[in-house]
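> Here's a structure for you.
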Number of protein chains: 2
Amino acid sequence: MTPYYEENTKHYIAVDCIIFGFDEGELKILLHKRNFEPEKGKWSLIGGFLQDNESIDFAARRILQQYSGLSNLFMEQLYTFGEVERDPGERVISVTFYALIRIEEYNNQLKRETSAQWWPISRKPTLIFDHDKMVVKALERLKIRAKNQPIGFELLPRKFSVPRLQSLYEAIYQRNLDKRNFRKKILSMNLLQKLEEKDKGVSKKGAFLYQFDKRKYSKLVEKGFHFEL
Amino acid sequence: MTPYYEENTKHYIAVDCIIFGFDEGELKILLHKRNFEPEKGKWSLIGGFLQDNESIDFAARRILQQYSGLSNLFMEQLYTFGEVERDPGERVISVTFYALIRIEEYNNQLKRETSAQWWPISRKPTLIFDHDKMVVKALERLKIRAKNQPIGFELLPRKFSVPRLQSLYEAIYQRNLDKRNFRKKILSMNLLQKLEEKDKGVSKKGAFLYQFDKRKYSKLVEKGFHFEL
DNA sequence: ACAGAAAAGCGTATATCCTACACTTAACCC
DNA sequence: GGGTTAAGTGTAGGATATACGCTTTTCTGT
């Protein structure tokens, strides 16, 4: 024990996660109904408290695993919210993360908290505390990251068609893209492996499926390549 | 008191600031010698503990004011460091901020902590704990922000010449820029007001001074303008 | 007072990238 | 076999980024 530290006060630290999915051409987030006071029963981000023996990153992974049933999700620290009165129950500092989930993997997963529910961003309910602000910040960050890093693939099935990828980017950027220009740009990076299979789910003709080549990407990055869409 | 909260543990929260200045064509940071154990006497970022009745932003401003003597500095929250063993004294979560100072205003300011010292980034000493990592992250962020937002002006005197601005950007990007292209680009934005005065400090000929027009910038932003250098 | 030094200031040509745009193809359904 | 639906393809024009060298100003030193 060091005296100097003890002159200061300690605080509760929460970790809150903005979990994104992509389905039916829309961006969605996973929310759950808060089960303790205050604001019990209201919609909230998914979160929990930081424990003694875990790093902040670890806490975020623990919470993500608990609510999604999935580990090794893409996740990035976002921002720390520290207004004195942000939580009317007690003073709590919240460190936020956003995470990306392949919704179909989530749906196949059974072992998890069941009170969570997917909401389309555009029709989500009002959230408790400052959680709406957190969502806004997460969306801003997602837009920037999706443009400069190949994280979009974390929201799509491992095999996807170019039109599906485009519709994801349209959902993130909130604007329509030209399909010829989009295809040209993404394929010119040589990061997508074309497969033999087609996705027949959407059109009669079917669209060829592709896979993101993570290895190739890492090699290119070493050589100074910079992803941009 | 709400029982649920009390099941969790509280933690010390520190606020650490990476304070940038620009002088003699170099980016510098303000460091100070730590005055308590552990690591007493070693070089450290400028920081302090979050108190009960203040928001995190407020704490950052308080600390910046205390060490620089200046208020209303440009400042942005950076990242939160939460490894369990990052501070060998006690478990402390650190929320970091980076801030930009006009060094000449700092030098004119007398009321402040005196143990702080400016170090050129390229020749700074090794810092305690994970503070070197924090500096790396701050530099990354500074590069991105300087490119997309007019924050460079926060590091220069209110009146500055185009060559001085260029040398700032060269220091931030760590590469040389073409002076004709640089001048063309920055002046074409119409954000700099040309003054009658010249800066005779650097060359015999002297370079015309300019001022950043914050008002014009805000108006342009409303119309959808996006700064980029 | 003249020569030299040192940085400021200026314009154009070329390459690259972004944008706009419309028809054909493949497969299924009835 | 005709209709429907989304997939897939190329090119031209405009805008933007890059590369590049000479002249001007003023101070300094002799």
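Going through the structure tokens in order, the chains are called A, B, and so on, while each chain numbers its residues from 1 and the ligands are numbered from 1 in the order shown.
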Output the contact residues of chain D with respect to chain B at a cut-off of 8 Å, based on only C-alpha atoms (C1' of nucleotides), as an NGL selection string.
:D and (25-27)
> With 8 Å as the limit and counting only C-alpha atoms (C1' of nucleotides), what residues in chain C lie close to chain B? Please list them as a ChimeraX atom specification.
/C:6-8,10
> Just want the 12 Å neighbourhood of A:Pro150, counted on only C-alpha atoms (C1' of nucleotides), with same-chain residues fewer than 6 positions away dropped. Output as an NGL selection string.
:A and (74 or 142-144 or 156 or 165 or 169 or 186 or 189 or 191-192 or 212-214 or 217-218 or 221 or 226-229)
> Distance limit 8 Å, atoms considered: only C-alpha atoms. Which chain B residues sit that close to chain A? Return them as a ChimeraX atom specification.
/B:1-2,4-5,8-13,36-37,49-57,77-84,89-90,95
> How far is it from atom CA of B:Ser94 to atom CA of A:Ile151, in Å with one decimal?
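So the answer is 27.4 Å.
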> Give me the residues near A:Lys28 as a list of chain:residue names, where near means some atom within 9 Å (using only C-alpha atoms (C1' of nucleotides)) and where sequence neighbours in that chain fewer than 4 positions away do not count.
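Within the cut-off, the hits are A:Ile19, A:Phe20, A:Gly21, A:Phe22, A:Asp23, A:Trp118, A:Trp119, A:Pro120, A:Ile121, A:Ser122, A:Lys124.
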> Contacts of stretch 12-15 of chain D at 9 Å or less, counting only C-alpha atoms (C1' of nucleotides), minus same-chain residues fewer than 5 places along, as a PyMOL selection string?
chain C and resi 17-19
> Restricting it to all heavy atoms, dump the selection as an mmCIF file, in the first residue's frame.

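File written: out.cif
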```cif
data_model
loop_
_atom_site.group_PDB
_atom_site.id
_atom_site.type_symbol
_atom_site.label_atom_id
_atom_site.label_comp_id
_atom_site.auth_asym_id
_atom_site.auth_seq_id
_atom_site.Cartn_x
_atom_site.Cartn_y
_atom_site.Cartn_z
ATOM 1 P P DC C 17 -4.072 5.702 -59.046
ATOM 2 O OP1 DC C 17 -3.571 5.002 -57.840
ATOM 3 O OP2 DC C 17 -4.365 4.952 -60.285
ATOM 4 O "O5'" DC C 17 -5.367 6.540 -58.635
ATOM 5 C "C5'" DC C 17 -5.232 7.723 -57.839
ATOM 6 C "C4'" DC C 17 -6.587 8.398 -57.764
ATOM 7 O "O4'" DC C 17 -6.867 9.051 -59.027
ATOM 8 C "C3'" DC C 17 -7.738 7.417 -57.518
ATOM 9 O "O3'" DC C 17 -8.564 7.959 -56.497
ATOM 10 C "C2'" DC C 17 -8.434 7.335 -58.870
ATOM 11 C "C1'" DC C 17 -8.172 8.720 -59.452
ATOM 12 N N1 DC C 17 -8.187 8.808 -60.944
ATOM 13 C C2 DC C 17 -8.861 9.867 -61.562
ATOM 14 O O2 DC C 17 -9.444 10.700 -60.860
ATOM 15 N N3 DC C 17 -8.860 9.949 -62.918
ATOM 16 C C4 DC C 17 -8.217 9.028 -63.636
ATOM 17 N N4 DC C 17 -8.241 9.160 -64.967
ATOM 18 C C5 DC C 17 -7.518 7.944 -63.031
ATOM 19 C C6 DC C 17 -7.527 7.867 -61.682
ATOM 20 P P DC C 18 -9.845 7.132 -55.978
ATOM 21 O OP1 DC C 18 -9.887 7.268 -54.514
ATOM 22 O OP2 DC C 18 -9.862 5.794 -56.610
ATOM 23 O "O5'" DC C 18 -11.033 7.992 -56.581
ATOM 24 C "C5'" DC C 18 -11.148 9.373 -56.230
ATOM 25 C "C4'" DC C 18 -12.339 9.966 -56.953
ATOM 26 O "O4'" DC C 18 -12.073 9.953 -58.380
ATOM 27 C "C3'" DC C 18 -13.638 9.189 -56.734
ATOM 28 O "O3'" DC C 18 -14.621 10.139 -56.334
ATOM 29 C "C2'" DC C 18 -13.907 8.519 -58.089
ATOM 30 C "C1'" DC C 18 -13.188 9.437 -59.076
ATOM 31 N N1 DC C 18 -12.645 8.795 -60.314
ATOM 32 C C2 DC C 18 -12.941 9.373 -61.571
ATOM 33 O O2 DC C 18 -13.658 10.375 -61.621
ATOM 34 N N3 DC C 18 -12.422 8.797 -62.687
ATOM 35 C C4 DC C 18 -11.640 7.718 -62.603
ATOM 36 N N4 DC C 18 -11.162 7.204 -63.735
ATOM 37 C C5 DC C 18 -11.330 7.124 -61.337
ATOM 38 C C6 DC C 18 -11.846 7.682 -60.232
ATOM 39 P P DT C 19 -16.140 9.683 -56.125
ATOM 40 O OP1 DT C 19 -16.755 10.639 -55.192
ATOM 41 O OP2 DT C 19 -16.157 8.223 -55.872
ATOM 42 O "O5'" DT C 19 -16.767 9.940 -57.574
ATOM 43 C "C5'" DT C 19 -16.775 11.265 -58.101
ATOM 44 C "C4'" DT C 19 -17.551 11.247 -59.403
ATOM 45 O "O4'" DT C 19 -16.773 10.584 -60.419
ATOM 46 C "C3'" DT C 19 -18.902 10.533 -59.306
ATOM 47 O "O3'" DT C 19 -19.898 11.457 -59.674
ATOM 48 C "C2'" DT C 19 -18.773 9.351 -60.276
ATOM 49 C "C1'" DT C 19 -17.625 9.761 -61.190
ATOM 50 N N1 DT C 19 -16.759 8.668 -61.724
ATOM 51 C C2 DT C 19 -16.417 8.681 -63.053
ATOM 52 O O2 DT C 19 -16.802 9.525 -63.824
ATOM 53 N N3 DT C 19 -15.608 7.643 -63.444
ATOM 54 C C4 DT C 19 -15.110 6.615 -62.650
ATOM 55 O O4 DT C 19 -14.390 5.740 -63.125
ATOM 56 C C5 DT C 19 -15.509 6.663 -61.261
ATOM 57 C C7 DT C 19 -15.027 5.609 -60.325
ATOM 58 C C6 DT C 19 -16.301 7.677 -60.864
#
```
> When DSSP works through the backbone of this structure, what residues of stretch 2-229 of chain B end up as strand (DSSP E), shown as a PyMOL selection string?
chain B and resi 10-23+26-33+43-44+46-49+74-81+92-100+116-120+159-161+192-199+207-212
> Taking only stretch 84-148 of chain A into account, list the residues labelled helix (DSSP H, G or I) by DSSP (computed from the backbone), as number ranges by chain.
A: 103-108, 121-123, 131-148
